[in-house]
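Asks: Below is a structure I'd like to ask you about.
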Amino acid sequence: MGLFNIKINGSSRSIDVDGDTPLLWVLRDNLGLTGTKFGCGIALCGACTVFVDDRPLRACSLPISALGESEVTTIEGVTGREAVAVQSAWVARDVPQCGYCQSGQVMSAIALLKEIRKPTDRDIDLALNGNLCRCATYVRIRAAIHDAARALGRLI
Amino acid sequence: MGRVPESALSRRLVLTGTAAGVASLLVPVTLVPSDARPSQEQTTYDITDWITIAATGEVTLGLSQPEVGQGSYTVLPQILADELDVEWQRVKVRFVTGKEAYKIAFKNEAPAQKEGASMSTTALYERLRTAGAAAREALTRAAAEKWGIAVAQCRTEKGFVINAAGDRLSYGEIAPAAANLPLSARPRLKDPNQLALIGKPTARLDSQAKSIGRAVFGIDVSVPGMLNAAIRMAPCFTGAVVEIRNEAEILKRPGVHAVVRIAAVAVANEEAGSQHPALTRPPRDNAVCVVADHFWQAKRAVEALDVVFDPGTGGDLSSAKIDALLQAALDGDAAVPVIEIGAPRQILRDKAASIIERRFVLPHIAHAPLEPVNATASYRDGAIEVWGSIQSVDACREAVATAVGCATDAVSVNVTFLGGSFGRKIVPDYVVQAVQASKAVGRPVKLIRTREEDTQHDVFRPNAGARIRAVLDEAGYPLAVHARVAGQSLFGATRKSWLDRTPEGSWDESMVDGIYNQSYRLPNFLVETVDTPLPIPVYFMRSVGSTAAVFFWESFISEFASRARIDQYVYRRNLLTADPLALRVLDAVAQASNWMTPSEPDLFRGIAYNCYIGRGGRFKTYVAEVVELAPVDDKLKVKRVFCAVDPGLAVNPNTLAAQIEGGIGFAMTTALHSRITFSNGGADQSNFFDYPLLSIDEMPEVVPIVLPSDRPPQGFGEVVLAPLAPAVAQAVLQATGRRLDVMPFPDAVFRT
């Protein structure tokens with residue numbers, strides 16, 4: 001066990017865990033931030049997508065000891081105009097079905113729109129093809145990302 | 001009907017989450033200010049089994065069918081709210097259990113609270129309308145009595161009763177009186193033109209919570225004093241734990257509380273005697289779990305356990321063996337006749353030289369919900385409480401009670417949102433394992449299966465194979481057809497009481513759904529089944545047998561049309577002239593896709609049809625699909641799918657369209673990717689690298705075409721899956737000349 005100080009959703013937290021504990025399980029078990037989901041454990045499904053220093057990463061495969069001074073943002077703490085645009089579009093389109101993968105989908109979509117203001121379908125494919133949805137809500141995910149991009153375009 | 005103020009009843013159904021704002025599964029329809037939100041101590045009144053109204057006027061609608069993604073959390077309350085006449089934006093929804101009103105039956109069986117068979121809306125539509133209307137009538141009567149006027153002088157509007165003078169009483173004000181009035185068993189339902197929600201594309205109530213990470217799934221449950229467990233099951237389905245060689249060492253690891261041997265659970269929660277004998281005997285421990293403070297500690301510890309497993313009697317099970325059994329069954333002498341019309345045997349004998357034969361083989365596949373199975377259990381002094389993603393409340397209670405030897409009443413079940421299920425989470429094996437772990441350590445335990453354990457110990461969709469033979473008449477239409485389907489019988493392995501019995505033996509409807517009860521005109525027709533029992537746990541999976549059977553059948557119809565050189569749509573149309581509802585969906589999809597206009601040279605199309613008949617003949621949903629296949633980069637890709645449906649009344653066209661889109665995607669996964677193989681008595685695949693799911697770049701555009709209908713709501717969650725694969729196969733045949741007779745389709749056929 002070891003003591004780790006991590007920066008999460010704008011505050012600092014101190015946690016006593018084994019250094020090999022993935023960030024995902026620190027979030028879920030130690031911090032009670034259950035919006036980030038466990039799906040595969042080997043970075044294949046994207047359900048655990050969080051931002052580490054504003055870049056999307058799979059929390060299931062990042063040991064807490066490797067986090068260092070980086071800042072973590074989860075679905076519970078994500079803010080900003082891209083987040084508002086994406087989450088509003090998600091609700092307006094009724095994207096979720098079972099909803100389990102959607103935290104990860106939303107985080108990946110926000111990351112995409114921060115990077116590319118007006119993504120093409122191919123951009124969406126490349127950015128989101130690591131986020132699996134067993135309910136296959138992909139039609140609405142794609143439409144909602146385009147909606148969010150349009151909404152952001154209007155804000156500028 | 002309940003008459004006790006709800007504050008006097010158990011509040012155990014309200015979940016306690018770990019994070020602030022995840023206090024309960026109650027997700028009010030927000031985006032509305034919370035100024036009307038009552039305090040926890042407010043008094044509420046049960047007007048019916050489904051409807052609770054607070055003195056403040058807040059309406060809570062009971063949901064008895066778990067939300068697995070299909071939209072029951074929205075659609076069923078929508079029916080209640082419409083008849084009750086309340087403001088939709090302000091209703092709350094709460095999962096309810098424990099009353100007779102919540103029980104339904106699919107086929108010949110005792111009613112139970114459960115979800116499955118695409119039956120929720122079909123089975124509950126009238127019941128919920130009646131409950132809503134009875135409550136509205138009681139509220140109106142209570143107001144009329146208060147005013148001292150006739151009921152006829154009162155009307156309702158969005159949560160208020162209003163009289164001729166324009167006086168208004170809110171439902172909250174009259175709820176105490178209404179809760180004490182007898183309910184009418186046959187209240188007057190709204191006229192169709194008065195319906196405000198039913199039939200309207202209504203927004204989901206759970207989208208907000210699911211888009212901001214606040215919906216509570218089973219895996220998110222946290223109860224006071226809870227520990228976490230990881231499990232390792234015998235790799236072989238018939239296996240047993242022989243020895244743990246380093247238990248003492250593992251117990252010294254930080255955070256570890258216990259190493260618990262888990263007794264084998266009857267994985268199919270169905271009738272005794274249905275399971276394969278090798279899976280049930282002898283009683284044994286077939287898993288080990290480690291209980292620790294945190295899941296990661298438990299997972300690492302369970303991986304470090306040095307466990308010796310014995311394979312039991314099924315250690316020689318392999319895919320080669322399974323396939324050999326299947327092929328022998330397809331060619332053997334013994335088969336159970338399901339249906340025999342005309343003189344198919346004689347015609348096929350007489351015209352043996354012109355027989356067309358096709359054979360097909362489909363593997364076992366896994367459900368793979370994105371939330372791996374998990375459950376939280378608390379065993380205390382013989383009383384058991386469980387929480388989690390549970391699709392069948394009553395079956396879960398019974399399985400837990402049987403496993404620990406207590407009364408069913410001693411088991412209470414709290415249902416969360418389900419992170420996918422597709423039939424998997426009807427089987428409560430994982431719940432029983434969590435209960436065993438809790439009992440062993442004397443504290444609540446949350447047990448999570450890793451993806452690997454979830455995949456390898458799924459209750460798989462059975463394999464299936466077919467041999468279909470036919471001769472065509474001079475015009476190229478079927479004269480005589482003999483279809484034989486073989487495989488591991490789902491009903492045989494889970495619920496023998498659902499088998500159809502004949503003097504020649506029993507047959508399993510799910511193996512031939514869409515074949516024996518198909519709609520095409522066939523003058524001479526023989527259908528047979530052969531069960532090949534296997535020691536593999538199997539269970540229902542979305543679309544059940546129809547994905548296999550309709551693939552066989554429609555592929556064979558495609559073969560006929562192609563040999564007869566008749567257009568695939570026209571050919572089907574000519575065989576369906578006696579079935580106007582079938583023609584309607586087929587025509588609609590052909591029209592929407594411009595089928596009769598020749599396609600672009602590099603666009604290849606396929607069309608398929610099925611009437612999905614609900615279990616026990618409870619509903620009929622008509623579906624026709626057109627698939628467009630075109631080269632993208634160096635591969636043929638399914639670019640667009642048109643899907644025409646006649647679902648009866650579409651209670652919520654919004655969630656129905658979502659089921660079309662998602663159903664097509666689900667079927668794409670099955671057609672392109674899903675295969676479980678077996679060796680040494682267990683499953684070979686373990687995670688998404690060898691059991692992949694469809695990703696967004698593979699998802700086609702979907703064009704839903706929902707036909708208006710005067711029929712009541714028919715089942716829908718599973719119905720669009722089956723025609724997809726044969727339509728894709730037909731398009732591939734057109735593009736490449738290659739006939740597809742296995743699923744998943746070999747990747748090579750899509751390379752250009």
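In the structure tokens, the first chain shown is A, the next is B, and so on; residue numbers restart at 1 for each chain, and ligands run from 1 in the order shown.
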Check every residue of chain B for an atom within 7 Å of chain A, counting only C-alpha atoms, and provide those that qualify as a count of residues only.
Replies: 38
Asks: If you count only C-alpha atoms, which residues fall within 8 Å of segment 56-62 of chain B, apart from same-chain ones fewer than 6 positions away, as number ranges by chain?
Replies: B: 36-38, 49-50, 77, 80-81, 86, 90-96, 159, 170-173
Asks: Env of Gly342 of chain B: 7 Å cut, atoms = only C-alpha atoms, seq-sep filter 4 positions within chain, self excluded. Answer as an MDAnalysis selection string.
Replies: chainID B and resid 523:525
Asks: How many Å lie between atom CA of Ala109 of chain A and atom CA of Leu57 of chain A, rounded to one decimal?
Replies: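 Value for the atom CA of Ala109 of chain A-atom CA of Leu57 of chain A distance: 12.7 Å.
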Asks: Can you tell me, as a short mmCIF file (atom, residue, chain, number, x, y, z; two decimals) with N, CA, C and O atoms, in the first residue's frame, what residues are no more than 8 Å from Leu152 of chain A when counting only C-alpha atoms, ignoring any on the same chain fewer than 6 positions away?
Replies:
```
data_model
loop_
_atom_site.label_atom_id
_atom_site.label_comp_id
_atom_site.auth_asym_id
_atom_site.auth_seq_id
_atom_site.Cartn_x
_atom_site.Cartn_y
_atom_site.Cartn_z
N ARG A 81 -17.84 24.32 -22.45
CA ARG A 81 -18.88 24.43 -23.45
C ARG A 81 -19.03 23.16 -24.29
O ARG A 81 -20.14 22.79 -24.68
N GLU A 82 -17.92 22.44 -24.52
CA GLU A 82 -18.05 21.18 -25.27
C GLU A 82 -18.87 20.17 -24.47
O GLU A 82 -19.69 19.44 -25.02
N ALA A 85 -22.49 21.14 -24.62
CA ALA A 85 -23.05 20.87 -25.96
C ALA A 85 -23.28 19.37 -26.16
O ALA A 85 -24.33 18.94 -26.66
N ARG A 117 -13.28 21.02 -34.40
CA ARG A 117 -14.51 21.80 -34.21
C ARG A 117 -15.68 21.24 -35.01
O ARG A 117 -16.82 21.24 -34.55
#
```
Asks: Please give the complete set of residues from segment 40-146 of chain A that DSSP, run on the backbone, assigns to helix (DSSP H, G or I), formatted as an MDAnalysis selection string.
Replies: chainID A and resid 59:61 64:66 81:92 102:115 121:128 138:146
Asks: Mind giving me the straight-line distance from atom CA of Ala410 of chain B to atom CA of Ala383 of chain B in Å, one decimal?
Replies: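 The value is 5.1 Å.
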Asks: Excluding same-chain residues fewer than 6 positions from Val413 of chain B, what lies within 7 Å of it counting only C-alpha atoms, as a PyMOL selection string?
Replies: chain B and resi 385-387+393+397
Asks: For the selection you just gave me, I'd like the residues written to a file as a JSON list (two decimals), in the first residue's frame, keeping N, CA, C and O atoms.
Replies:
```json
[["chain", "number", "residue", "atom", "x", "y", "z"],
["B", 385, "GLU", "N", -30.94, -9.89, 1.44],
["B", 385, "GLU", "CA", -31.31, -8.78, 0.58],
["B", 385, "GLU", "C", -30.27, -8.69, -0.53],
["B", 385, "GLU", "O", -29.07, -8.79, -0.27],
["B", 386, "VAL", "N", -30.74, -8.54, -1.74],
["B", 386, "VAL", "CA", -29.79, -8.41, -2.86],
["B", 386, "VAL", "C", -30.12, -7.15, -3.65],
["B", 386, "VAL", "O", -31.26, -6.68, -3.68],
["B", 387, "TRP", "N", -29.09, -6.63, -4.29],
["B", 387, "TRP", "CA", -29.20, -5.43, -5.11],
["B", 387, "TRP", "C", -28.50, -5.71, -6.43],
["B", 387, "TRP", "O", -27.45, -6.34, -6.44],
["B", 393, "VAL", "N", -37.13, -10.66, -11.27],
["B", 393, "VAL", "CA", -37.17, -10.53, -9.81],
["B", 393, "VAL", "C", -37.56, -11.84, -9.14],
["B", 393, "VAL", "O", -36.88, -12.31, -8.22],
["B", 397, "ARG", "N", -35.39, -14.42, -6.63],
["B", 397, "ARG", "CA", -35.75, -14.74, -5.25],
["B", 397, "ARG", "C", -35.79, -16.26, -5.04],
["B", 397, "ARG", "O", -35.30, -16.79, -4.04]]
```
Asks: Per DSSP on the backbone, filter segment 45-77 of chain A down to the residues in strand (DSSP E) and report them as an mmCIF file with C-alpha atoms, in the first residue's frame.
Replies:
```cif
data_model
loop_
_atom_site.group_PDB
_atom_site.id
_atom_site.type_symbol
_atom_site.label_atom_id
_atom_site.label_comp_id
_atom_site.auth_asym_id
_atom_site.auth_seq_id
_atom_site.Cartn_x
_atom_site.Cartn_y
_atom_site.Cartn_z
ATOM 1 C CA THR A 49 -12.776 6.870 -20.490
ATOM 2 C CA VAL A 50 -11.645 9.844 -18.376
ATOM 3 C CA PHE A 51 -9.484 12.860 -19.114
ATOM 4 C CA VAL A 52 -5.932 12.928 -17.822
ATOM 5 C CA ARG A 55 -6.592 13.943 -22.925
ATOM 6 C CA PRO A 56 -8.981 10.964 -23.088
ATOM 7 C CA LEU A 57 -7.516 7.859 -21.469
ATOM 8 C CA ARG A 58 -8.793 4.454 -20.379
ATOM 9 C CA GLU A 71 -5.145 16.148 -13.341
ATOM 10 C CA VAL A 72 -8.011 13.732 -13.755
ATOM 11 C CA THR A 73 -11.471 14.710 -14.966
#
```
Asks: Pick from B:Pro537, B:Ser438, B:Ile676, B:Tyr609: nearest to Gly514 of chain B, with only C-alpha atoms counted?
Replies: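 Closest candidate: B:Tyr609.
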